[in-house]
file my_file_5.cif (mmCIF, C-alpha atoms)
data_work
#
loop_
_atom_site.label_atom_id
_atom_site.label_comp_id
_atom_site.auth_asym_id
_atom_site.auth_seq_id
_atom_site.Cartn_x
_atom_site.Cartn_y
_atom_site.Cartn_z
CA MET A 1 -16.57 3.22 2.63
CA ILE A 2 -13.29 2.11 4.20
CA LYS A 3 -9.88 3.79 4.01
CA HIS A 4 -6.92 1.41 4.23
CA ILE A 5 -3.69 3.35 4.80
CA VAL A 6 -0.24 1.78 4.99
CA PHE A 7 3.07 3.55 5.54
CA PHE A 8 6.29 1.87 4.41
CA LYS A 9 9.94 2.45 5.28
CA ILE A 10 12.04 1.05 2.48
CA LYS A 11 15.34 -0.71 3.15
CA GLU A 12 18.52 1.12 2.23
CA GLY A 13 19.57 0.11 -1.27
CA GLU A 14 16.01 -0.67 -2.40
CA SER A 15 14.11 1.58 -4.80
CA VAL A 16 11.28 3.69 -3.41
CA GLU A 17 10.15 4.45 -6.97
CA GLU A 18 9.98 0.75 -7.86
CA ALA A 19 7.96 0.04 -4.71
CA LYS A 20 5.62 2.88 -5.69
CA LYS A 21 5.17 1.37 -9.17
CA VAL A 22 4.35 -2.03 -7.68
CA LEU A 23 1.73 -0.51 -5.37
CA LEU A 24 0.21 1.50 -8.22
CA SER A 25 0.05 -1.63 -10.36
CA MET A 26 -3.00 -2.72 -8.35
CA LYS A 27 -5.07 0.01 -10.01
CA GLY A 28 -7.50 -1.61 -12.42
CA VAL A 29 -6.29 -5.09 -11.44
CA VAL A 30 -7.73 -5.50 -7.93
CA PRO A 31 -11.49 -5.07 -8.40
CA GLU A 32 -12.26 -4.14 -4.77
CA ILE A 33 -10.27 -0.90 -5.05
CA VAL A 34 -12.48 2.15 -5.56
CA GLU A 35 -9.59 4.63 -5.26
CA LEU A 36 -5.85 4.12 -4.95
CA GLU A 37 -3.19 6.71 -4.15
CA VAL A 38 0.52 6.31 -3.46
CA GLY A 39 2.69 9.17 -2.24
CA THR A 40 6.40 9.44 -1.57
CA ASP A 41 7.75 11.42 1.35
CA PHE A 42 9.74 14.55 0.56
CA LEU A 43 10.52 15.75 4.08
CA HIS A 44 12.73 12.79 5.12
CA SER A 45 12.52 13.63 8.82
CA GLU A 46 13.58 11.13 11.46
CA ARG A 47 9.97 9.99 11.94
CA SER A 48 9.02 9.95 8.23
CA PHE A 49 8.08 6.85 6.31
CA ASP A 50 9.08 6.63 2.62
CA LEU A 51 5.72 5.72 1.06
CA ALA A 52 2.04 6.05 1.87
CA LEU A 53 -0.54 3.76 0.28
CA ILE A 54 -4.14 4.93 0.52
CA VAL A 55 -6.79 2.50 -0.72
CA THR A 56 -10.54 3.12 -0.59
CA VAL A 57 -12.89 0.14 -0.71
CA LYS A 58 -16.66 -0.08 -0.45
CA ASP A 59 -17.06 -1.94 2.85
CA LYS A 60 -15.48 -4.39 5.28
CA LYS A 61 -16.25 -7.35 3.00
CA ALA A 62 -14.43 -5.60 0.15
CA LEU A 63 -11.47 -4.93 2.47
CA ASP A 64 -11.37 -8.63 3.36
CA ASN A 65 -11.52 -9.58 -0.33
CA TYR A 66 -8.77 -7.03 -1.13
CA GLN A 67 -6.57 -8.58 1.57
CA LYS A 68 -7.07 -12.02 -0.03
CA ASN A 69 -6.85 -10.89 -3.68
CA GLU A 70 -4.56 -13.12 -5.75
CA TYR A 71 -2.61 -10.23 -7.33
CA HIS A 72 -2.30 -8.36 -4.02
CA CYS A 73 -1.07 -11.50 -2.23
CA GLY A 74 0.98 -12.96 -5.08
CA VAL A 75 2.73 -9.88 -6.46
CA VAL A 76 2.38 -6.79 -4.28
CA LYS A 77 2.75 -8.19 -0.78
CA PRO A 78 5.83 -10.34 -1.56
CA HIS A 79 7.59 -7.36 -3.16
CA MET A 80 6.73 -5.00 -0.32
CA HIS A 81 7.73 -7.54 2.34
CA ARG A 82 11.08 -7.94 0.59
CA VAL A 83 11.87 -4.21 0.29
CA ARG A 84 10.39 -2.78 3.49
CA CYS A 85 12.08 -2.57 6.84
CA ASP A 86 8.99 -1.24 8.65
CA SER A 87 5.35 -0.53 8.03
CA ALA A 88 2.27 0.71 9.87
CA ALA A 89 -1.40 0.55 8.90
CA VAL A 90 -4.71 2.16 9.79
CA ASP A 91 -8.14 1.09 8.57
CA TYR A 92 -11.19 3.26 9.26
CA GLU A 93 -14.71 3.88 8.03
CA ILE A 94 -15.60 7.10 6.26
#

call {"tool": "encode", "arguments": {"input": "my_file_5.cif", "output": "structure tokens"}}
result
Amino acid sequence: MIKHIVFFKIKEGESVEEAKKVLLSMKGVVPEIVELEVGTDFLHSERSFDLALIVTVKDKKALDNYQKNEYHCGVVKPHMHRVRCDSAAVDYEI
């Protein structure tokens, strides 16, 4: 199994809740996703990011397919690229 974790800082004036909804919209639509979780930060410290996306996929091939998925690339990525000012990602095997 692979965990794909992405943290997003959302631009001022953009909706964190809308970004969360867009990320959650992948559930049941992107077949490679085994588990999907999205959390919003409540601490709001200087080093905090606004959103965390945690996706679990079966293997590296599934991660590659997820990254190329039509819905992920056509809907989710464009929205997140438009509303984020920063992001960071980690992918690891479990």

call {"tool": "atom_distance", "arguments": {"input": "my_file_5.cif", "atom1": "CA of Lys60 in chain A", "atom2": "CA of Ser87 in chain A"}}
result
21.4 Å

call {"tool": "closest_residue", "arguments": {"input": "my_file_5.cif", "among": "A:Val76, A:Ile10, A:Ile5, A:Val57", "to": "Leu24 in chain A", "atoms": "all atoms listed in the file"}}
result
A:Val76

call {"tool": "resolve_selection", "arguments": {"input": "my_file_5.cif", "expression": "the PyMOL selection byres ((chain A and resi 71) around 12)", "output": "VMD selection string"}}
result
chain A and resid 22 to 23 25 to 32 65 to 70 72 to 79

call {"tool": "atom_distance", "arguments": {"input": "my_file_5.cif", "atom1": "CA of His81 in chain A", "atom2": "CA of Ile94 in chain A"}}
result
27.8 Å

call {"tool": "residues_around", "arguments": {"input": "my_file_5.cif", "residues": "Leu53 in chain A", "least_positions_apart": "6", "cutoff": "7 Å", "atoms": "only C-alpha atoms", "output": "PyMOL selection string"}}
result
chain A and resi 5-7+37-39

call {"tool": "atom_distance", "arguments": {"input": "my_file_5.cif", "atom1": "CA of Glu18 in chain A", "atom2": "CA of His44 in chain A"}}
result
17.9 Å

call {"tool": "closest_residue", "arguments": {"input": "my_file_5.cif", "among": "A:His4, A:Lys9, A:Thr56, A:Leu51", "to": "Lys21 in chain A", "atoms": "only C-alpha atoms"}}
result
A:Leu51

call {"tool": "resolve_selection", "arguments": {"input": "my_file_5.cif", "expression": "the PyMOL selection byres ((chain A and resi 84) around 7)", "output": "list in words"}}
result
Phe8, Lys9, Ile10, Lys11, Met80, His81, Arg82, Val83, Cys85 and Asp86 of chain A

call {"tool": "write_last_selection", "arguments": {"input": "my_file_5.cif", "atoms": "C-alpha atoms", "output": "PDB file, keeping the file's coordinate frame"}}
result
ATOM      1  CA  PHE A   8       6.290   1.870   4.410  1.00  0.00           C
ATOM      2  CA  LYS A   9       9.940   2.450   5.280  1.00  0.00           C
ATOM      3  CA  ILE A  10      12.040   1.050   2.480  1.00  0.00           C
ATOM      4  CA  LYS A  11      15.340  -0.710   3.150  1.00  0.00           C
ATOM      5  CA  MET A  80       6.730  -5.000  -0.320  1.00  0.00           C
ATOM      6  CA  HIS A  81       7.730  -7.540   2.340  1.00  0.00           C
ATOM      7  CA  ARG A  82      11.080  -7.940   0.590  1.00  0.00           C
ATOM      8  CA  VAL A  83      11.870  -4.210   0.290  1.00  0.00           C
ATOM      9  CA  CYS A  85      12.080  -2.570   6.840  1.00  0.00           C
ATOM     10  CA  ASP A  86       8.990  -1.240   8.650  1.00  0.00           C
TER      11      ASP A  86
END

call {"tool": "closest_residue", "arguments": {"input": "my_file_5.cif", "among": "A:Asp64, A:Asp91, A:Glu35, A:Glu12", "to": "Asp50 in chain A", "atoms": "all atoms listed in the file"}}
result
A:Glu12

call {"tool": "closest_residue", "arguments": {"input": "my_file_5.cif", "among": "A:Ala19, A:Ser45, A:Asp59, A:Ile2", "to": "Val90 in chain A", "atoms": "only C-alpha atoms"}}
result
A:Ile2

call {"tool": "decode", "arguments": {"input": "my_file_5.cif", "residues": "range 20-57 of chain A", "atoms": "N, CA and C atoms", "output": "compact mmCIF listing (two decimals), in the first residue's frame"}}
result
# COMPACT_ATOMS: atom_id res chain seq x y z
N LYS A 20 -11.78 21.71 0.06
CA LYS A 20 -12.00 20.42 0.73
C LYS A 20 -13.05 19.61 -0.03
N LYS A 21 -14.15 20.25 -0.41
CA LYS A 21 -15.21 19.56 -1.16
C LYS A 21 -14.68 19.01 -2.48
N VAL A 22 -13.88 19.79 -3.17
CA VAL A 22 -13.32 19.35 -4.45
C VAL A 22 -12.42 18.13 -4.23
N LEU A 23 -11.58 18.16 -3.22
CA LEU A 23 -10.72 17.01 -2.94
C LEU A 23 -11.55 15.78 -2.59
N LEU A 24 -12.56 15.96 -1.74
CA LEU A 24 -13.43 14.84 -1.35
C LEU A 24 -14.24 14.29 -2.52
N SER A 25 -14.43 15.09 -3.55
CA SER A 25 -15.23 14.65 -4.69
C SER A 25 -14.56 13.50 -5.45
N MET A 26 -13.30 13.22 -5.17
CA MET A 26 -12.63 12.09 -5.83
C MET A 26 -13.11 10.75 -5.29
N LYS A 27 -13.68 10.76 -4.09
CA LYS A 27 -14.13 9.51 -3.46
C LYS A 27 -15.21 8.86 -4.33
N GLY A 28 -14.98 7.62 -4.69
CA GLY A 28 -15.93 6.89 -5.51
C GLY A 28 -15.85 7.20 -6.99
N VAL A 29 -15.03 8.18 -7.37
CA VAL A 29 -14.90 8.59 -8.77
C VAL A 29 -13.55 8.14 -9.34
N VAL A 30 -12.51 8.22 -8.53
CA VAL A 30 -11.16 7.80 -8.95
C VAL A 30 -10.96 6.38 -8.43
N PRO A 31 -10.98 5.39 -9.32
CA PRO A 31 -11.00 3.99 -8.89
C PRO A 31 -9.75 3.51 -8.15
N GLU A 32 -8.63 4.17 -8.33
CA GLU A 32 -7.39 3.74 -7.66
C GLU A 32 -7.41 4.02 -6.17
N ILE A 33 -8.27 4.92 -5.72
CA ILE A 33 -8.29 5.32 -4.31
C ILE A 33 -8.93 4.23 -3.46
N VAL A 34 -8.15 3.73 -2.50
CA VAL A 34 -8.65 2.76 -1.52
C VAL A 34 -9.28 3.51 -0.35
N GLU A 35 -8.58 4.53 0.13
CA GLU A 35 -9.08 5.40 1.21
C GLU A 35 -8.74 6.84 0.87
N LEU A 36 -9.60 7.75 1.29
CA LEU A 36 -9.38 9.17 1.06
C LEU A 36 -9.83 9.94 2.30
N GLU A 37 -8.97 10.82 2.75
CA GLU A 37 -9.27 11.65 3.92
C GLU A 37 -8.80 13.07 3.64
N VAL A 38 -9.60 14.04 4.04
CA VAL A 38 -9.21 15.44 3.92
C VAL A 38 -9.48 16.11 5.25
N GLY A 39 -8.48 16.79 5.77
CA GLY A 39 -8.63 17.49 7.05
C GLY A 39 -8.26 18.94 6.92
N THR A 40 -8.96 19.78 7.69
CA THR A 40 -8.65 21.21 7.71
C THR A 40 -7.94 21.55 9.02
N ASP A 41 -6.97 22.41 8.93
CA ASP A 41 -6.18 22.82 10.08
C ASP A 41 -7.01 23.71 11.01
N PHE A 42 -6.88 23.48 12.30
CA PHE A 42 -7.57 24.33 13.27
C PHE A 42 -6.61 25.16 14.10
N LEU A 43 -5.33 24.84 14.05
CA LEU A 43 -4.35 25.55 14.88
C LEU A 43 -3.96 26.91 14.28
N HIS A 44 -3.82 26.96 12.96
CA HIS A 44 -3.47 28.19 12.24
C HIS A 44 -2.18 28.83 12.75
N SER A 45 -1.18 27.99 13.02
CA SER A 45 0.12 28.51 13.42
C SER A 45 0.86 29.03 12.19
N GLU A 46 1.96 29.67 12.40
CA GLU A 46 2.75 30.24 11.30
C GLU A 46 3.19 29.16 10.31
N ARG A 47 3.47 27.96 10.79
CA ARG A 47 3.94 26.89 9.91
C ARG A 47 2.83 25.95 9.42
N SER A 48 1.60 26.21 9.81
CA SER A 48 0.47 25.36 9.42
C SER A 48 0.13 25.51 7.94
N PHE A 49 -0.34 24.42 7.38
CA PHE A 49 -0.99 24.42 6.07
C PHE A 49 -2.49 24.36 6.34
N ASP A 50 -3.32 24.74 5.37
CA ASP A 50 -4.76 24.81 5.57
C ASP A 50 -5.47 23.47 5.43
N LEU A 51 -4.99 22.63 4.51
CA LEU A 51 -5.64 21.35 4.22
C LEU A 51 -4.61 20.24 4.13
N ALA A 52 -5.03 19.05 4.54
CA ALA A 52 -4.23 17.85 4.32
C ALA A 52 -5.07 16.85 3.54
N LEU A 53 -4.52 16.34 2.46
CA LEU A 53 -5.14 15.28 1.67
C LEU A 53 -4.34 14.01 1.93
N ILE A 54 -5.03 12.96 2.33
CA ILE A 54 -4.38 11.67 2.54
C ILE A 54 -5.10 10.64 1.69
N VAL A 55 -4.38 10.11 0.71
CA VAL A 55 -4.93 9.11 -0.21
C VAL A 55 -4.13 7.82 -0.03
N THR A 56 -4.84 6.71 0.06
CA THR A 56 -4.20 5.40 0.10
C THR A 56 -4.54 4.68 -1.21
N VAL A 57 -3.49 4.17 -1.85
CA VAL A 57 -3.66 3.37 -3.07
C VAL A 57 -2.93 2.04 -2.87
